[in-house]
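Shown here: structure.pdb, PDB, C-alpha atoms.
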ATOM      1  CA  MET N   1    -107.057  77.568  32.950  1.00  0.00           C
ATOM      2  CA  THR N   2    -104.292  74.985  32.604  1.00  0.00           C
ATOM      3  CA  ILE N   3    -101.029  74.588  34.470  1.00  0.00           C
ATOM      4  CA  TRP N   4     -97.531  73.696  33.415  1.00  0.00           C
ATOM      5  CA  VAL N   5     -95.400  71.501  35.638  1.00  0.00           C
ATOM      6  CA  THR N   6     -91.659  71.078  35.267  1.00  0.00           C
ATOM      7  CA  LEU N   7     -89.579  68.413  36.971  1.00  0.00           C
ATOM      8  CA  GLU N   8     -85.828  68.962  36.797  1.00  0.00           C
ATOM      9  CA  MET N   9     -83.442  66.146  37.720  1.00  0.00           C
ATOM     10  CA  THR N  10     -79.992  64.755  37.007  1.00  0.00           C
ATOM     11  CA  VAL N  11     -79.655  61.254  35.593  1.00  0.00           C
ATOM     12  CA  LYS N  12     -77.178  58.975  37.376  1.00  0.00           C
ATOM     13  CA  PRO N  13     -74.047  58.185  35.380  1.00  0.00           C
ATOM     14  CA  GLY N  14     -74.700  55.224  33.083  1.00  0.00           C
ATOM     15  CA  ALA N  15     -78.454  55.117  33.810  1.00  0.00           C
ATOM     16  CA  PHE N  16     -79.832  56.837  30.710  1.00  0.00           C
ATOM     17  CA  ASP N  17     -80.416  53.665  28.651  1.00  0.00           C
ATOM     18  CA  ALA N  18     -82.388  52.040  31.473  1.00  0.00           C
ATOM     19  CA  LEU N  19     -84.290  55.305  32.014  1.00  0.00           C
ATOM     20  CA  SER N  20     -85.175  55.385  28.311  1.00  0.00           C
ATOM     21  CA  THR N  21     -86.589  51.852  28.507  1.00  0.00           C
ATOM     22  CA  PHE N  22     -88.619  52.796  31.586  1.00  0.00           C
ATOM     23  CA  LEU N  23     -89.961  55.930  29.883  1.00  0.00           C
ATOM     24  CA  ARG N  24     -90.960  54.046  26.721  1.00  0.00           C
ATOM     25  CA  ALA N  25     -92.932  51.628  28.900  1.00  0.00           C
ATOM     26  CA  ASN N  26     -94.653  54.330  30.983  1.00  0.00           C
ATOM     27  CA  LEU N  27     -95.111  57.561  29.025  1.00  0.00           C
ATOM     28  CA  ALA N  28     -98.320  56.443  27.317  1.00  0.00           C
ATOM     29  CA  ASN N  29     -99.868  55.940  30.762  1.00  0.00           C
ATOM     30  CA  VAL N  30     -99.062  59.518  31.756  1.00  0.00           C
ATOM     31  CA  ARG N  31    -100.449  60.916  28.536  1.00  0.00           C
ATOM     32  CA  ARG N  32    -103.721  58.981  28.975  1.00  0.00           C
ATOM     33  CA  PHE N  33    -104.230  59.998  32.604  1.00  0.00           C
ATOM     34  CA  ASP N  34    -107.299  62.140  33.290  1.00  0.00           C
ATOM     35  CA  GLY N  35    -106.366  65.811  32.959  1.00  0.00           C
ATOM     36  CA  ALA N  36    -103.023  65.300  31.208  1.00  0.00           C
ATOM     37  CA  LEU N  37    -102.709  67.485  28.121  1.00  0.00           C
ATOM     38  CA  SER N  38     -99.061  66.944  27.184  1.00  0.00           C
ATOM     39  CA  VAL N  39     -95.764  65.530  28.393  1.00  0.00           C
ATOM     40  CA  THR N  40     -92.451  66.455  26.784  1.00  0.00           C
ATOM     41  CA  LEU N  41     -88.996  65.234  27.793  1.00  0.00           C
ATOM     42  CA  TYR N  42     -85.640  66.984  27.435  1.00  0.00           C
ATOM     43  CA  HIS N  43     -82.152  65.651  28.157  1.00  0.00           C
ATOM     44  CA  ASP N  44     -78.677  67.185  28.051  1.00  0.00           C
ATOM     45  CA  ALA N  45     -76.265  64.269  27.612  1.00  0.00           C
ATOM     46  CA  GLU N  46     -73.258  66.378  28.567  1.00  0.00           C
ATOM     47  CA  THR N  47     -74.562  67.477  31.975  1.00  0.00           C
ATOM     48  CA  ARG N  48     -77.058  64.567  32.414  1.00  0.00           C
ATOM     49  CA  ALA N  49     -79.762  67.184  33.128  1.00  0.00           C
ATOM     50  CA  PHE N  50     -83.264  65.816  32.562  1.00  0.00           C
ATOM     51  CA  LEU N  51     -86.425  67.896  32.302  1.00  0.00           C
ATOM     52  CA  ILE N  52     -90.026  66.743  32.186  1.00  0.00           C
ATOM     53  CA  HIS N  53     -92.439  69.410  30.981  1.00  0.00           C
ATOM     54  CA  GLU N  54     -96.133  68.631  31.488  1.00  0.00           C
ATOM     55  CA  GLU N  55     -99.379  70.477  30.882  1.00  0.00           C
ATOM     56  CA  TRP N  56    -102.414  69.577  32.999  1.00  0.00           C
ATOM     57  CA  LEU N  57    -105.980  70.816  33.270  1.00  0.00           C
ATOM     58  CA  SER N  58    -105.400  71.665  36.955  1.00  0.00           C
ATOM     59  CA  ARG N  59    -103.210  71.097  39.999  1.00  0.00           C
ATOM     60  CA  ASP N  60    -105.850  68.684  41.297  1.00  0.00           C
ATOM     61  CA  HIS N  61    -105.457  66.538  38.182  1.00  0.00           C
ATOM     62  CA  HIS N  62    -101.690  66.523  38.620  1.00  0.00           C
ATOM     63  CA  ALA N  63    -102.003  65.718  42.340  1.00  0.00           C
ATOM     64  CA  ALA N  64    -104.260  62.758  41.506  1.00  0.00           C
ATOM     65  CA  TYR N  65    -101.665  61.519  39.027  1.00  0.00           C
ATOM     66  CA  LEU N  66     -98.839  61.862  41.563  1.00  0.00           C
ATOM     67  CA  ALA N  67    -100.841  59.923  44.165  1.00  0.00           C
ATOM     68  CA  PHE N  68    -101.540  57.216  41.574  1.00  0.00           C
ATOM     69  CA  ILE N  69     -97.877  56.718  40.635  1.00  0.00           C
ATOM     70  CA  GLU N  70     -96.687  56.970  44.253  1.00  0.00           C
ATOM     71  CA  GLU N  71     -99.069  54.179  45.306  1.00  0.00           C
ATOM     72  CA  ARG N  72     -97.879  51.915  42.484  1.00  0.00           C
ATOM     73  CA  GLY N  73     -94.139  52.505  42.921  1.00  0.00           C
ATOM     74  CA  VAL N  74     -93.733  54.220  39.548  1.00  0.00           C
ATOM     75  CA  MET N  75     -92.313  57.406  41.062  1.00  0.00           C
ATOM     76  CA  ALA N  76     -89.817  55.429  43.139  1.00  0.00           C
ATOM     77  CA  GLU N  77     -88.699  53.582  40.013  1.00  0.00           C
ATOM     78  CA  LEU N  78     -88.279  56.845  38.084  1.00  0.00           C
ATOM     79  CA  LEU N  79     -86.236  58.331  40.916  1.00  0.00           C
ATOM     80  CA  SER N  80     -84.001  55.235  41.019  1.00  0.00           C
ATOM     81  CA  PHE N  81     -82.430  56.519  37.772  1.00  0.00           C
ATOM     82  CA  MET N  82     -81.815  59.993  39.231  1.00  0.00           C
ATOM     83  CA  GLU N  83     -79.227  61.523  41.549  1.00  0.00           C
ATOM     84  CA  GLY N  84     -81.897  62.985  43.807  1.00  0.00           C
ATOM     85  CA  ALA N  85     -85.442  64.193  44.088  1.00  0.00           C
ATOM     86  CA  PRO N  86     -86.749  66.406  41.307  1.00  0.00           C
ATOM     87  CA  GLU N  87     -87.142  70.137  41.568  1.00  0.00           C
ATOM     88  CA  VAL N  88     -90.838  70.598  40.782  1.00  0.00           C
ATOM     89  CA  THR N  89     -92.242  73.930  39.641  1.00  0.00           C
ATOM     90  CA  TYR N  90     -95.862  74.803  38.888  1.00  0.00           C
ATOM     91  CA  TYR N  91     -96.829  77.568  36.497  1.00  0.00           C
ATOM     92  CA  ASP N  92    -100.353  78.898  36.069  1.00  0.00           C
ATOM     93  CA  ARG N  93    -101.156  79.833  32.508  1.00  0.00           C
ATOM     94  CA  LEU N  94    -101.779  83.566  32.210  1.00  0.00           C
ATOM     95  CA  VAL N  95    -104.400  84.836  29.841  1.00  0.00           C
ATOM     96  CA  MET N  96    -103.828  88.443  28.872  1.00  0.00           C
TER
END
Starting from the file, give its structure as structure tokens.
Amino acid sequence: MTIWVTLEMTVKPGAFDALSTFLRANLANVRRFDGALSVTLYHDAETRAFLIHEEWLSRDHHAAYLAFIEERGVMAELLSFMEGAPEVTYYDRLVM
């Protein structure tokens, strides 16, 4: 069973271009990480809302990824473009 993870944030005024450069440089690394199935980004330019939607094999895979990017400063760099910490939500895929 896979999980979906959403991270909802607000981009700082004037930071979207720098965020885009950062994402272009780092998204391939996320997508290649063990257990990552997909990563999709959404942005509302009017409100500066930013959503990352990810699918992972498990919470353990996602936790390993978070530890990896925390240790290397990647998460801190991502958050430097944001107005605050992300709201993170986990969803278990239901099979019915």
Taking into account only C-alpha atoms, which residue in the set N:Glu8, N:Glu77, N:Glu87, N:Asp92 is nearest to Ala49 of chain N? N:Glu8
Provide an axis-aligned box for all listed atoms of segment 68-72 of chain N, padding each side by 3 Å; report its centre and its edge lengths in Å to one decimal, as AutoDock Vina command-line options.
--center_x -99.1 --center_y 54.6 --center_z 43.0 --size_x 10.9 --size_y 11.3 --size_z 10.7
Name the residues that the PyMOL selection byres ((chain N and resi 60) around 12) pulls out of this structure, and write them as a PyMOL selection string. chain N and resi 2-3+34-36+56-59+61-67+90
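Atom CA of Asp17 of chain N to atom CA of Glu54 of chain N spans 21.9 Å [interatomic distance, one decimal].
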Using the chain letters and residue numbers of this document, give as a PyMOL selection string the residues selected by the PyMOL selection byres ((chain N and resi 19-28) around 12). chain N and resi 10-18+29-33+36-43+48+50+52+54+69+74-82
Hey, can you check how far atom CA of Glu70 of chain N sits from atom CA of Met1 of chain N?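 Atom-to-atom, atom CA of Glu70 of chain N to atom CA of Met1 of chain N, that is 25.7 Å.
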Two-atom distance - atom CA of Met9 of chain N, atom CA of Val95 of chain N (Å):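 Value for the atom CA of Met9 of chain N-atom CA of Val95 of chain N distance: 29.2 Å.
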Closest to Arg93 of chain N among N:Val5, N:Glu71, N:Glu46, N:Leu51, using all atoms listed in the file?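 Ranked by minimum distance to Arg93 of chain N, first place goes to N:Val5.
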I need segment 4-28 of chain N written out with N, CA, C and O atoms, as an mmCIF file, in the first residue's frame; please produce it.
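Output below, filename part-v8.cif:
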data_model
loop_
_atom_site.group_PDB
_atom_site.id
_atom_site.type_symbol
_atom_site.label_atom_id
_atom_site.label_comp_id
_atom_site.auth_asym_id
_atom_site.auth_seq_id
_atom_site.Cartn_x
_atom_site.Cartn_y
_atom_site.Cartn_z
ATOM 1 N N TRP N 4 0.239 8.964 0.168
ATOM 2 C CA TRP N 4 0.366 10.278 -0.426
ATOM 3 C C TRP N 4 0.768 11.230 0.684
ATOM 4 O O TRP N 4 0.286 11.123 1.817
ATOM 5 N N VAL N 5 1.636 12.158 0.352
ATOM 6 C CA VAL N 5 2.067 13.191 1.284
ATOM 7 C C VAL N 5 1.842 14.532 0.605
ATOM 8 O O VAL N 5 2.215 14.704 -0.558
ATOM 9 N N THR N 6 1.219 15.457 1.316
ATOM 10 C CA THR N 6 1.097 16.815 0.797
ATOM 11 C C THR N 6 1.817 17.766 1.741
ATOM 12 O O THR N 6 1.785 17.585 2.963
ATOM 13 N N LEU N 7 2.498 18.728 1.157
ATOM 14 C CA LEU N 7 3.150 19.797 1.905
ATOM 15 C C LEU N 7 2.601 21.099 1.362
ATOM 16 O O LEU N 7 2.768 21.400 0.176
ATOM 17 N N GLU N 8 1.915 21.854 2.214
ATOM 18 C CA GLU N 8 1.321 23.119 1.808
ATOM 19 C C GLU N 8 2.070 24.265 2.466
ATOM 20 O O GLU N 8 2.295 24.246 3.683
ATOM 21 N N MET N 9 2.471 25.249 1.636
ATOM 22 C CA MET N 9 3.261 26.377 2.117
ATOM 23 C C MET N 9 2.837 27.643 1.381
ATOM 24 O O MET N 9 2.072 27.582 0.428
ATOM 25 N N THR N 10 3.404 28.761 1.800
ATOM 26 C CA THR N 10 3.218 30.026 1.102
ATOM 27 C C THR N 10 4.590 30.577 0.755
ATOM 28 O O THR N 10 5.453 30.711 1.632
ATOM 29 N N VAL N 11 4.783 30.880 -0.518
ATOM 30 C CA VAL N 11 6.059 31.406 -0.996
ATOM 31 C C VAL N 11 6.185 32.868 -0.569
ATOM 32 O O VAL N 11 5.228 33.647 -0.663
ATOM 33 N N LYS N 12 7.379 33.242 -0.104
ATOM 34 C CA LYS N 12 7.635 34.637 0.263
ATOM 35 C C LYS N 12 7.472 35.524 -0.968
ATOM 36 O O LYS N 12 7.766 35.106 -2.092
ATOM 37 N N PRO N 13 7.024 36.759 -0.754
ATOM 38 C CA PRO N 13 6.909 37.682 -1.883
ATOM 39 C C PRO N 13 8.259 37.817 -2.604
ATOM 40 O O PRO N 13 9.301 37.978 -1.963
ATOM 41 N N GLY N 14 8.223 37.706 -3.925
ATOM 42 C CA GLY N 14 9.429 37.881 -4.726
ATOM 43 C C GLY N 14 10.388 36.700 -4.746
ATOM 44 O O GLY N 14 11.448 36.773 -5.367
ATOM 45 N N ALA N 15 10.035 35.583 -4.104
ATOM 46 C CA ALA N 15 10.956 34.450 -3.999
ATOM 47 C C ALA N 15 10.684 33.330 -4.999
ATOM 48 O O ALA N 15 11.440 32.361 -5.058
ATOM 49 N N PHE N 16 9.647 33.461 -5.816
ATOM 50 C CA PHE N 16 9.270 32.335 -6.671
ATOM 51 C C PHE N 16 10.334 32.000 -7.713
ATOM 52 O O PHE N 16 10.582 30.827 -7.991
ATOM 53 N N ASP N 17 10.980 32.980 -8.313
ATOM 54 C CA ASP N 17 12.004 32.688 -9.325
ATOM 55 C C ASP N 17 13.169 31.911 -8.714
ATOM 56 O O ASP N 17 13.653 30.935 -9.299
ATOM 57 N N ALA N 18 13.611 32.321 -7.545
ATOM 58 C CA ALA N 18 14.706 31.605 -6.871
ATOM 59 C C ALA N 18 14.258 30.207 -6.455
ATOM 60 O O ALA N 18 15.023 29.242 -6.566
ATOM 61 N N LEU N 19 13.017 30.079 -6.001
ATOM 62 C CA LEU N 19 12.459 28.768 -5.661
ATOM 63 C C LEU N 19 12.450 27.868 -6.894
ATOM 64 O O LEU N 19 12.825 26.697 -6.816
ATOM 65 N N SER N 20 12.038 28.398 -8.030
ATOM 66 C CA SER N 20 11.998 27.616 -9.261
ATOM 67 C C SER N 20 13.382 27.090 -9.631
ATOM 68 O O SER N 20 13.531 25.932 -10.032
ATOM 69 N N THR N 21 14.400 27.920 -9.493
ATOM 70 C CA THR N 21 15.772 27.491 -9.771
ATOM 71 C C THR N 21 16.183 26.375 -8.826
ATOM 72 O O THR N 21 16.761 25.363 -9.243
ATOM 73 N N PHE N 22 15.875 26.534 -7.551
ATOM 74 C CA PHE N 22 16.180 25.512 -6.545
ATOM 75 C C PHE N 22 15.472 24.195 -6.885
ATOM 76 O O PHE N 22 16.072 23.120 -6.833
ATOM 77 N N LEU N 23 14.207 24.275 -7.252
ATOM 78 C CA LEU N 23 13.440 23.066 -7.563
ATOM 79 C C LEU N 23 13.992 22.353 -8.801
ATOM 80 O O LEU N 23 14.115 21.131 -8.813
ATOM 81 N N ARG N 24 14.348 23.122 -9.832
ATOM 82 C CA ARG N 24 14.927 22.510 -11.032
ATOM 83 C C ARG N 24 16.208 21.750 -10.682
ATOM 84 O O ARG N 24 16.482 20.704 -11.258
ATOM 85 N N ALA N 25 16.972 22.269 -9.759
ATOM 86 C CA ALA N 25 18.238 21.643 -9.369
ATOM 87 C C ALA N 25 18.036 20.420 -8.468
ATOM 88 O O ALA N 25 18.923 19.563 -8.392
ATOM 89 N N ASN N 26 16.899 20.324 -7.781
ATOM 90 C CA ASN N 26 16.734 19.286 -6.764
ATOM 91 C C ASN N 26 15.639 18.256 -7.006
ATOM 92 O O ASN N 26 15.663 17.187 -6.395
ATOM 93 N N LEU N 27 14.687 18.533 -7.854
ATOM 94 C CA LEU N 27 13.554 17.616 -8.021
ATOM 95 C C LEU N 27 13.963 16.231 -8.516
ATOM 96 O O LEU N 27 13.389 15.230 -8.078
ATOM 97 N N ALA N 28 14.932 16.162 -9.387
ATOM 98 C CA ALA N 28 15.369 14.844 -9.888
ATOM 99 C C ALA N 28 15.873 13.972 -8.747
ATOM 100 O O ALA N 28 15.661 12.751 -8.739
#
